[in-house]
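Here is coords14.cif, consisting of mmCIF, C-alpha atoms:
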data_data
loop_
_atom_site.label_atom_id
_atom_site.label_comp_id
_atom_site.auth_asym_id
_atom_site.auth_seq_id
_atom_site.Cartn_x
_atom_site.Cartn_y
_atom_site.Cartn_z
CA MET A 1 34.85 -15.78 -11.50
CA SER A 2 34.32 -16.51 -7.82
CA THR A 3 33.85 -13.48 -5.56
CA SER A 4 32.37 -14.94 -2.40
CA SER A 5 33.22 -17.75 -0.06
CA SER A 6 31.67 -19.19 3.06
CA VAL A 7 35.07 -20.33 4.35
CA ARG A 8 35.80 -18.72 7.72
CA ARG A 9 38.88 -16.52 7.64
CA ALA A 10 40.94 -15.31 10.55
CA SER A 11 40.10 -11.84 11.81
CA LEU A 12 41.89 -8.91 10.21
CA LEU A 13 41.40 -6.84 13.37
CA ILE A 14 43.87 -6.45 16.22
CA THR A 15 43.29 -4.61 19.50
CA PRO A 16 45.81 -2.22 21.07
CA ALA A 17 46.36 -4.67 23.94
CA ALA A 18 47.12 -7.53 21.54
CA LEU A 19 49.47 -5.37 19.49
CA ALA A 20 51.29 -4.16 22.60
CA GLU A 21 51.76 -7.78 23.73
CA ASP A 22 53.11 -8.79 20.33
CA LEU A 23 55.50 -5.82 20.35
CA SER A 24 56.83 -6.90 23.73
CA LYS A 25 57.70 -10.34 22.32
CA THR A 26 58.79 -9.89 18.69
CA PRO A 27 59.03 -6.17 17.88
CA GLU A 28 61.43 -6.75 14.98
CA SER A 29 58.85 -8.76 13.01
CA ILE A 30 56.05 -6.16 13.29
CA LYS A 31 55.71 -3.19 10.97
CA ILE A 32 53.21 -0.49 11.96
CA LEU A 33 51.84 1.90 9.36
CA ASP A 34 49.87 5.12 9.75
CA ALA A 35 47.48 5.19 6.77
CA THR A 36 45.41 8.23 7.77
CA TRP A 37 43.54 9.94 4.92
CA PHE A 38 41.24 12.95 5.03
CA MET A 39 38.38 13.86 2.72
CA PRO A 40 39.72 16.40 0.18
CA ASN A 41 36.86 18.87 0.78
CA LEU A 42 37.64 19.49 4.46
CA VAL A 43 37.66 23.14 5.54
CA PRO A 44 40.29 23.93 6.58
CA PRO A 45 42.22 21.20 4.71
CA ARG A 46 44.34 18.74 6.69
CA ASN A 47 47.59 17.09 5.67
CA PRO A 48 47.86 13.61 7.21
CA TYR A 49 51.58 13.24 6.51
CA LYS A 50 52.47 16.52 8.22
CA GLU A 51 50.33 15.50 11.18
CA PHE A 52 52.10 12.14 11.26
CA LEU A 53 55.52 13.82 11.35
CA ALA A 54 54.44 16.19 14.11
CA GLY A 55 52.87 13.42 16.17
CA PRO A 56 51.63 11.99 18.33
CA ARG A 57 51.89 8.61 16.61
CA LEU A 58 52.20 5.03 17.81
CA LYS A 59 55.53 4.45 19.50
CA GLY A 60 57.63 2.26 17.23
CA VAL A 61 55.68 3.07 14.07
CA THR A 62 57.40 2.04 10.83
CA GLY A 63 56.19 4.86 8.63
CA PHE A 64 53.37 6.62 6.83
CA TRP A 65 51.47 4.87 4.02
CA ASP A 66 50.24 7.56 1.65
CA VAL A 67 47.30 6.00 -0.23
CA ASP A 68 47.33 8.79 -2.82
CA ASP A 69 51.05 8.37 -3.44
CA VAL A 70 51.16 4.56 -3.50
CA ALA A 71 48.63 4.50 -6.30
CA ASP A 72 48.09 4.33 -10.04
CA LYS A 73 49.29 7.73 -11.30
CA THR A 74 48.18 7.06 -14.88
CA HIS A 75 44.48 6.45 -14.26
CA PRO A 76 42.49 7.78 -17.25
CA LEU A 77 40.04 9.66 -15.00
CA GLY A 78 42.76 11.08 -12.78
CA LEU A 79 41.27 9.39 -9.73
CA LYS A 80 43.26 9.20 -6.51
CA HIS A 81 44.28 6.13 -4.45
CA MET A 82 43.56 3.57 -7.16
CA LEU A 83 45.53 0.34 -6.62
CA PRO A 84 49.16 0.65 -7.75
CA SER A 85 51.05 -1.76 -9.96
CA PRO A 86 52.73 -4.71 -8.19
CA ASP A 87 56.13 -3.07 -8.79
CA ASN A 88 55.07 0.23 -7.22
CA PHE A 89 53.53 -1.58 -4.27
CA ALA A 90 56.80 -3.47 -3.73
CA GLN A 91 58.81 -0.24 -3.94
CA ALA A 92 56.64 1.40 -1.29
CA CYS A 93 57.01 -1.59 1.03
CA SER A 94 60.78 -1.63 0.49
CA LYS A 95 61.13 2.06 1.41
CA LEU A 96 59.32 1.40 4.69
CA GLY A 97 61.40 -1.61 5.67
CA ILE A 98 58.61 -4.13 5.13
CA GLN A 99 59.48 -7.68 4.20
CA ARG A 100 57.25 -10.37 2.79
CA ASP A 101 57.09 -12.14 6.16
CA SER A 102 56.49 -8.95 8.17
CA LYS A 103 53.40 -8.76 10.33
CA VAL A 104 51.88 -5.45 9.17
CA VAL A 105 49.51 -3.48 11.41
CA VAL A 106 47.74 -0.46 9.93
CA TYR A 107 46.04 2.34 11.87
CA ASP A 108 44.51 5.73 11.21
CA THR A 109 43.82 8.71 13.45
CA HIS A 110 40.03 8.43 12.99
CA GLY A 111 39.51 5.03 14.62
CA VAL A 112 38.36 2.92 11.67
CA PHE A 113 38.17 4.91 8.44
CA SER A 114 41.09 4.81 6.01
CA ALA A 115 43.17 1.97 7.50
CA PRO A 116 40.92 -0.74 5.96
CA ARG A 117 41.75 0.56 2.49
CA THR A 118 45.47 -0.07 3.02
CA VAL A 119 44.83 -3.50 4.53
CA PHE A 120 42.67 -4.26 1.47
CA SER A 121 45.60 -3.29 -0.75
CA PHE A 122 48.02 -5.55 1.12
CA LYS A 123 45.61 -8.47 0.86
CA ALA A 124 45.02 -7.78 -2.86
CA PHE A 125 48.78 -8.17 -3.30
CA GLU A 126 48.63 -11.34 -1.21
CA HIS A 127 50.70 -10.15 1.73
CA PRO A 128 50.40 -13.01 4.24
CA GLU A 129 49.75 -11.16 7.49
CA VAL A 130 48.16 -7.72 7.83
CA TYR A 131 45.71 -6.21 10.34
CA VAL A 132 43.65 -3.12 11.07
CA LEU A 133 44.25 -1.65 14.52
CA ASP A 134 40.64 -1.60 15.72
CA GLY A 135 39.94 1.87 17.12
CA GLY A 136 43.14 3.28 15.64
CA LEU A 137 45.37 5.84 17.31
CA PRO A 138 42.54 7.27 19.48
CA ARG A 139 41.90 3.88 21.12
CA TRP A 140 45.63 3.23 21.51
CA LYS A 141 45.98 6.52 23.38
CA ALA A 142 42.76 6.08 25.38
CA GLU A 143 43.97 2.71 26.65
CA GLY A 144 47.25 4.21 27.84
CA PHE A 145 49.75 2.80 25.35
CA PRO A 146 52.83 4.87 24.47
CA VAL A 147 53.05 7.41 21.65
CA GLU A 148 55.94 9.38 20.23
CA GLU A 149 56.63 12.75 18.64
CA GLY A 150 59.58 14.48 17.02
CA GLN A 151 62.12 13.02 14.61
CA PHE A 152 61.37 9.91 12.63
CA SER A 153 63.44 7.49 10.54
CA SER A 154 63.02 4.11 8.84
CA SER A 155 65.27 1.58 7.12
CA GLU A 156 64.81 0.03 3.69
CA THR A 157 64.47 -3.59 2.60
CA ASN A 158 63.95 -5.39 -0.70
CA TYR A 159 60.29 -6.40 -0.95
CA PRO A 160 59.75 -8.77 -3.90
CA THR A 161 57.26 -7.87 -6.62
CA PRO A 162 54.07 -9.59 -5.47
CA SER A 163 51.29 -11.37 -7.29
CA PHE A 164 47.95 -9.62 -7.63
CA ASP A 165 44.65 -11.33 -6.90
CA LYS A 166 42.38 -9.96 -9.63
CA ASP A 167 39.26 -11.13 -7.78
CA PHE A 168 39.72 -8.24 -5.34
CA ILE A 169 38.87 -5.59 -7.94
CA ARG A 170 36.04 -4.81 -10.34
CA SER A 171 36.37 -2.54 -13.38
CA TYR A 172 33.84 -0.24 -15.00
CA LYS A 173 33.32 -2.91 -17.64
CA ASP A 174 32.46 -5.41 -14.90
CA VAL A 175 29.96 -3.20 -13.06
CA SER A 176 28.45 -1.88 -16.29
CA SER A 177 27.85 -5.45 -17.43
CA ASN A 178 26.42 -6.28 -14.03
CA ALA A 179 24.05 -3.31 -14.24
CA SER A 180 22.49 -4.72 -17.40
CA LYS A 181 21.70 -8.13 -15.88
CA SER A 182 18.29 -9.20 -14.62
CA SER A 183 17.76 -9.67 -10.90
CA GLU A 184 17.30 -13.41 -11.52
CA ASP A 185 20.65 -13.85 -13.28
CA PRO A 186 22.71 -16.32 -11.17
CA SER A 187 25.90 -14.42 -12.05
CA LEU A 188 24.53 -11.14 -10.68
CA GLU A 189 26.67 -9.32 -8.12
CA LEU A 190 25.03 -7.35 -5.32
CA VAL A 191 26.59 -3.89 -4.95
CA LEU A 192 26.92 -2.63 -1.37
CA ASP A 193 27.31 1.16 -1.37
CA ALA A 194 29.14 2.72 1.60
CA ARG A 195 28.16 6.35 0.93
CA PRO A 196 25.60 8.20 3.09
CA GLY A 197 22.00 7.47 2.16
CA GLY A 198 21.32 10.89 0.67
CA ARG A 199 24.08 10.55 -1.90
CA PHE A 200 22.89 7.01 -2.69
CA SER A 201 19.30 8.15 -3.27
CA GLY A 202 20.36 11.24 -5.20
CA SER A 203 18.80 13.69 -2.74
CA ASP A 204 22.20 15.00 -1.58
CA PRO A 205 25.05 16.20 -3.81
CA GLU A 206 28.38 14.46 -4.24
CA PRO A 207 31.39 16.27 -2.75
CA ARG A 208 33.09 16.26 -6.17
CA PRO A 209 31.83 19.40 -7.99
CA GLY A 210 29.66 18.68 -11.00
CA LEU A 211 29.31 14.95 -10.30
CA SER A 212 25.76 13.61 -10.23
CA SER A 213 24.58 11.59 -7.24
CA GLY A 214 22.55 8.37 -7.33
CA HIS A 215 23.50 4.70 -7.45
CA MET A 216 24.26 1.78 -9.72
CA PRO A 217 21.57 -0.80 -10.58
CA HIS A 218 21.46 -3.84 -8.29
CA SER A 219 22.93 -1.88 -5.37
CA VAL A 220 21.75 -1.28 -1.82
CA SER A 221 22.70 1.45 0.60
CA LEU A 222 24.98 0.33 3.43
CA PRO A 223 26.59 3.49 4.84
CA PHE A 224 29.94 2.57 6.39
CA SER A 225 28.96 4.39 9.59
CA VAL A 226 26.36 1.73 10.45
CA LEU A 227 29.15 -0.85 10.62
CA LEU A 228 30.95 1.06 13.37
CA SER A 229 30.31 1.33 17.10
CA GLU A 230 29.01 4.41 18.82
CA PRO A 231 31.81 6.73 20.01
CA SER A 232 33.51 5.45 23.15
CA SER A 233 33.07 7.25 26.47
CA THR A 234 36.84 7.63 26.85
CA GLN A 235 39.05 10.52 25.89
CA PRO A 236 40.06 10.55 23.17
CA SER A 237 36.87 8.99 21.85
CA TYR A 238 37.02 6.36 19.13
CA LYS A 239 34.92 3.96 17.08
CA THR A 240 35.56 0.30 16.35
CA LEU A 241 34.13 -2.19 13.88
CA LEU A 242 30.96 -3.79 15.23
CA PRO A 243 31.07 -7.39 16.51
CA ARG A 244 30.00 -10.04 14.03
CA ASP A 245 26.42 -10.41 15.22
CA LYS A 246 25.87 -6.66 14.95
CA LEU A 247 27.47 -6.60 11.50
CA LYS A 248 24.95 -9.21 10.38
CA ASP A 249 22.12 -7.10 11.80
CA ALA A 250 23.32 -4.01 9.92
CA ILE A 251 23.59 -5.89 6.63
CA LEU A 252 20.18 -7.51 7.16
CA LYS A 253 18.63 -4.07 7.66
CA ALA A 254 20.27 -2.84 4.46
CA LEU A 255 18.78 -5.83 2.66
CA GLY A 256 15.31 -4.82 3.81
CA GLY A 257 15.09 -7.63 6.36
CA ASP A 258 15.46 -10.31 3.65
CA GLN A 259 16.81 -13.25 5.68
CA ALA A 260 17.10 -15.49 2.62
CA LYS A 261 19.29 -12.95 0.85
CA LEU A 262 21.45 -12.51 3.95
CA GLN A 263 21.94 -16.25 4.25
CA ALA A 264 22.80 -16.49 0.56
CA LEU A 265 25.38 -13.74 1.04
CA LEU A 266 26.91 -15.40 4.11
CA ALA A 267 26.99 -18.78 2.36
CA GLY A 268 28.81 -17.38 -0.65
CA LYS A 269 25.85 -17.91 -2.99
CA LEU A 270 25.23 -14.20 -3.51
CA ARG A 271 28.29 -12.50 -4.91
CA VAL A 272 29.22 -9.06 -3.61
CA VAL A 273 31.07 -6.00 -4.86
CA ASN A 274 31.59 -2.94 -2.64
CA SER A 275 31.49 0.67 -3.74
CA CYS A 276 31.57 4.18 -2.22
CA GLY A 277 32.60 7.57 -3.52
CA SER A 278 36.16 6.82 -4.63
CA GLY A 279 37.11 3.39 -3.31
CA MET A 280 38.07 4.39 0.25
CA THR A 281 35.18 3.54 2.58
CA ALA A 282 34.11 0.62 0.38
CA ALA A 283 37.02 -1.12 2.11
CA ILE A 284 35.19 -0.81 5.44
CA ILE A 285 32.38 -2.94 4.03
CA TRP A 286 35.01 -5.30 2.62
CA LEU A 287 36.57 -5.58 6.09
CA ALA A 288 33.18 -6.23 7.70
CA LEU A 289 32.46 -9.00 5.20
CA GLN A 290 35.89 -10.50 5.84
CA GLU A 291 35.00 -10.64 9.54
CA LEU A 292 31.88 -12.61 8.54
CA GLY A 293 33.88 -15.02 6.40
CA VAL A 294 32.63 -13.55 3.12
CA LYS A 295 35.00 -12.79 0.28
CA SER A 296 34.06 -9.73 -1.77
CA ALA A 297 35.48 -7.32 -4.32
CA VAL A 298 35.78 -3.53 -4.52
CA TYR A 299 34.90 -1.43 -7.55
CA ASP A 300 38.00 0.71 -7.22
CA GLU A 301 36.67 3.74 -9.12
CA SER A 302 33.38 3.46 -7.24
CA TRP A 303 30.57 5.98 -7.86
CA THR A 304 32.94 8.73 -9.04
CA GLY A 305 34.29 6.57 -11.85
CA TYR A 306 30.90 5.10 -12.69
CA ALA A 307 29.15 8.46 -12.95
CA MET A 308 32.01 10.09 -14.87
CA ARG A 309 32.19 7.27 -17.38
CA LYS A 310 28.43 6.98 -17.73
CA GLU A 311 28.19 10.66 -18.55
CA SER A 312 31.08 10.65 -21.06
CA LYS A 313 31.22 8.61 -24.24
CA ILE A 314 34.99 9.11 -24.35
CA LEU A 315 35.71 7.53 -20.98
CA LYS A 316 33.62 4.36 -21.14
CA ALA A 317 36.50 2.06 -22.06
#
Write the structure described by the file as structure tokens, please.
Amino acid sequence: MSTSSSVRRASLLITPAALAEDLSKTPESIKILDATWFMPNLVPPRNPYKEFLAGPRLKGVTGFWDVDDVADKTHPLGLKHMLPSPDNFAQACSKLGIQRDSKVVVYDTHGVFSAPRTVFSFKAFEHPEVYVLDGGLPRWKAEGFPVEEGQFSSSETNYPTPSFDKDFIRSYKDVSSNASKSSEDPSLELVLDARPGGRFSGSDPEPRPGLSSGHMPHSVSLPFSVLLSEPSSTQPSYKTLLPRDKLKDAILKALGGDQAKLQALLAGKLRVVNSCGSGMTAAIIWLALQELGVKSAVYDESWTGYAMRKESKILKA
């Protein structure tokens, strides 16, 4: 099973200026999605859909992509935002007026946080053209592009049931098997963990009550925050994905300065699977690797699923 490739892929990022230019030329072919998601332990809690309806939002937005709604509702661990079935994905696209040949642009209200997860999903279902708005709604506003508030409506289409590229996802069985391999095994996959370092090391607790912290064997800590720029000096402030040379530097640091391992990763000789707490910010690492021309997978359940299954004989299937 191939999980990495050294073939250069086109960028999955689009700037506000580039999106605005495209909208001025072919607005009917572009579908813009707000895929904002908030951590469930926020105090006070925030509802991204209600905030979307109230605005402000990108002018001309197609709709809101609810990652917890467009998801597998029958997951045995009850985990949120796991990839949906192809049929459910198609239904969600149809309700938002998306067609197979639509150019889809996804943003969030953080800058770069939850939008990569939705772009990952579209690519897993082999949608031809999809992008992350780099800097999200805050950058769009800071650069003076129009927003809207008030009433909202969208039309429906008939999106065909797509194929699913199974190489995008790893299961518990996959990562458990990987954990038992020796470091010299040529089939070994390196796990890049997007959680903060304290949760990776086990010194800080997980936000999910009762869940142990720590990390899987053969994994390294690569907090998603190190892949993002410093906050901009504009108002509102925003973060973007780092340029490619800086992404390489961040990954090299995570690898302990091992240039040979970095080169093996970039050349597709070291296979990679990304993880985080629940499959959300792992997609930021996935996006960064895509920008470097490296194909990788996501362990959808991530540390939550791994720790829950590891601690329960019933849920190891």
Report the residues retrieved by the PyMOL selection byres ((chain A and resi 124) around 10) from the displayed file, expressed as number ranges by chain.
A: 83, 86, 118-123, 125-127, 162-169, 297
Just so the selection is clear, what residues does the PyMOL selection byres ((chain A and resi 17) around 12) cover here, as JSON, numbers by chain?
{"A": [13, 14, 15, 16, 18, 19, 20, 21, 22, 23, 24, 133, 134, 135, 136, 139, 140, 141, 142, 143, 144, 145, 146]}
Can you pull out the residues contacting A:Val112? Cut-off 12 Å, using all atoms listed in the file, and skip same-chain residues under 5 positions away; I want them as a CSV table (one decimal) with C-alpha atoms, in the coordinates of the input.
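After the write, around_23.csv holds the following:
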chain,number,residue,atom,x,y,z
A,13,LEU,CA,41.4,-6.8,13.4
A,14,ILE,CA,43.9,-6.4,16.2
A,15,THR,CA,43.3,-4.6,19.5
A,34,ASP,CA,49.9,5.1,9.8
A,35,ALA,CA,47.5,5.2,6.8
A,36,THR,CA,45.4,8.2,7.8
A,37,TRP,CA,43.5,9.9,4.9
A,106,VAL,CA,47.7,-0.5,9.9
A,107,TYR,CA,46.0,2.3,11.9
A,117,ARG,CA,41.8,0.6,2.5
A,118,THR,CA,45.5,-0.1,3.0
A,119,VAL,CA,44.8,-3.5,4.5
A,131,TYR,CA,45.7,-6.2,10.3
A,132,VAL,CA,43.6,-3.1,11.1
A,133,LEU,CA,44.2,-1.6,14.5
A,134,ASP,CA,40.6,-1.6,15.7
A,135,GLY,CA,39.9,1.9,17.1
A,136,GLY,CA,43.1,3.3,15.6
A,137,LEU,CA,45.4,5.8,17.3
A,138,PRO,CA,42.5,7.3,19.5
A,139,ARG,CA,41.9,3.9,21.1
A,224,PHE,CA,29.9,2.6,6.4
A,225,SER,CA,29.0,4.4,9.6
A,227,LEU,CA,29.2,-0.8,10.6
A,228,LEU,CA,31.0,1.1,13.4
A,229,SER,CA,30.3,1.3,17.1
A,230,GLU,CA,29.0,4.4,18.8
A,231,PRO,CA,31.8,6.7,20.0
A,237,SER,CA,36.9,9.0,21.8
A,238,TYR,CA,37.0,6.4,19.1
A,239,LYS,CA,34.9,4.0,17.1
A,240,THR,CA,35.6,0.3,16.4
A,241,LEU,CA,34.1,-2.2,13.9
A,242,LEU,CA,31.0,-3.8,15.2
A,280,MET,CA,38.1,4.4,0.2
A,281,THR,CA,35.2,3.5,2.6
A,283,ALA,CA,37.0,-1.1,2.1
A,284,ILE,CA,35.2,-0.8,5.4
A,285,ILE,CA,32.4,-2.9,4.0
A,287,LEU,CA,36.6,-5.6,6.1
A,288,ALA,CA,33.2,-6.2,7.7
Using all atoms listed in the file, which of A:Pro243, A:Gly305, A:Gly256, A:Gly150 sits nearest A:Glu291?
A:Pro243
Expansion of the PyMOL selection byres ((chain A and resi 157) around 7) into residues, as a PyMOL selection string
chain A and resi 94-95+97-99+155-156+158-159
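Comparing the minimum interatomic distances between A:Gly277 and each of A:Arg195, A:Lys73, A:Lys310, A:Arg100, counting all atoms listed in the file, we find that A:Arg195 sits nearest.
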Which neighbours of A:Ser171 fall inside 9 Å, counting all atoms listed in the file, when residues of the same chain fewer than 4 positions from it are skipped, and could you give them as a ChimeraX atom specification?
/A:175-176,298-301
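For the atom pair formed by atom CA of A:Gly198 and atom CA of A:Thr304, the distance is 15.3 Å, given to one decimal.
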Which polymer residues, whether protein, DNA or RNA, lie within 7 Å of the coordinate (40.8, 7.8, -3.5) when you count all atoms listed in the file? List them as a compact mmCIF listing (two decimals) with C-alpha atoms, keeping the file's coordinate frame, using the chain letters and numbers from the file.
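Result file point.txt:
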# COMPACT_ATOMS: atom_id res chain seq x y z
CA ASP A 68 47.33 8.79 -2.82
CA LEU A 79 41.27 9.39 -9.73
CA LYS A 80 43.26 9.20 -6.51
CA HIS A 81 44.28 6.13 -4.45
CA MET A 82 43.56 3.57 -7.16
CA SER A 278 36.16 6.82 -4.63
CA GLY A 279 37.11 3.39 -3.31
CA MET A 280 38.07 4.39 0.25
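In this structure, atom CA of A:Tyr49 sits 22.3 Å away from atom CA of A:Ser85.
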At most 6 Å is the cut-off: for each residue in stretch 259-291 of chain A with any atom that close to an atom of stretch 186-193 of chain A, write down the nearest atom pair and the distance in Å rounded to one decimal, counting only C-alpha atoms, chain first then increasing number, as a tab-separated table.
residue	atom	partner	partner_atom	distance
A:Arg271	CA	A:Glu189	CA	4.8
A:Val272	CA	A:Leu190	CA	4.8
A:Val273	CA	A:Val191	CA	5.0
A:Asn274	CA	A:Leu192	CA	4.8
A:Ser275	CA	A:Asp193	CA	4.8
A:Cys276	CA	A:Asp193	CA	5.3
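The coordinates place atom CA of A:Lys181 at 18.6 Å from atom CA of A:Ser302.
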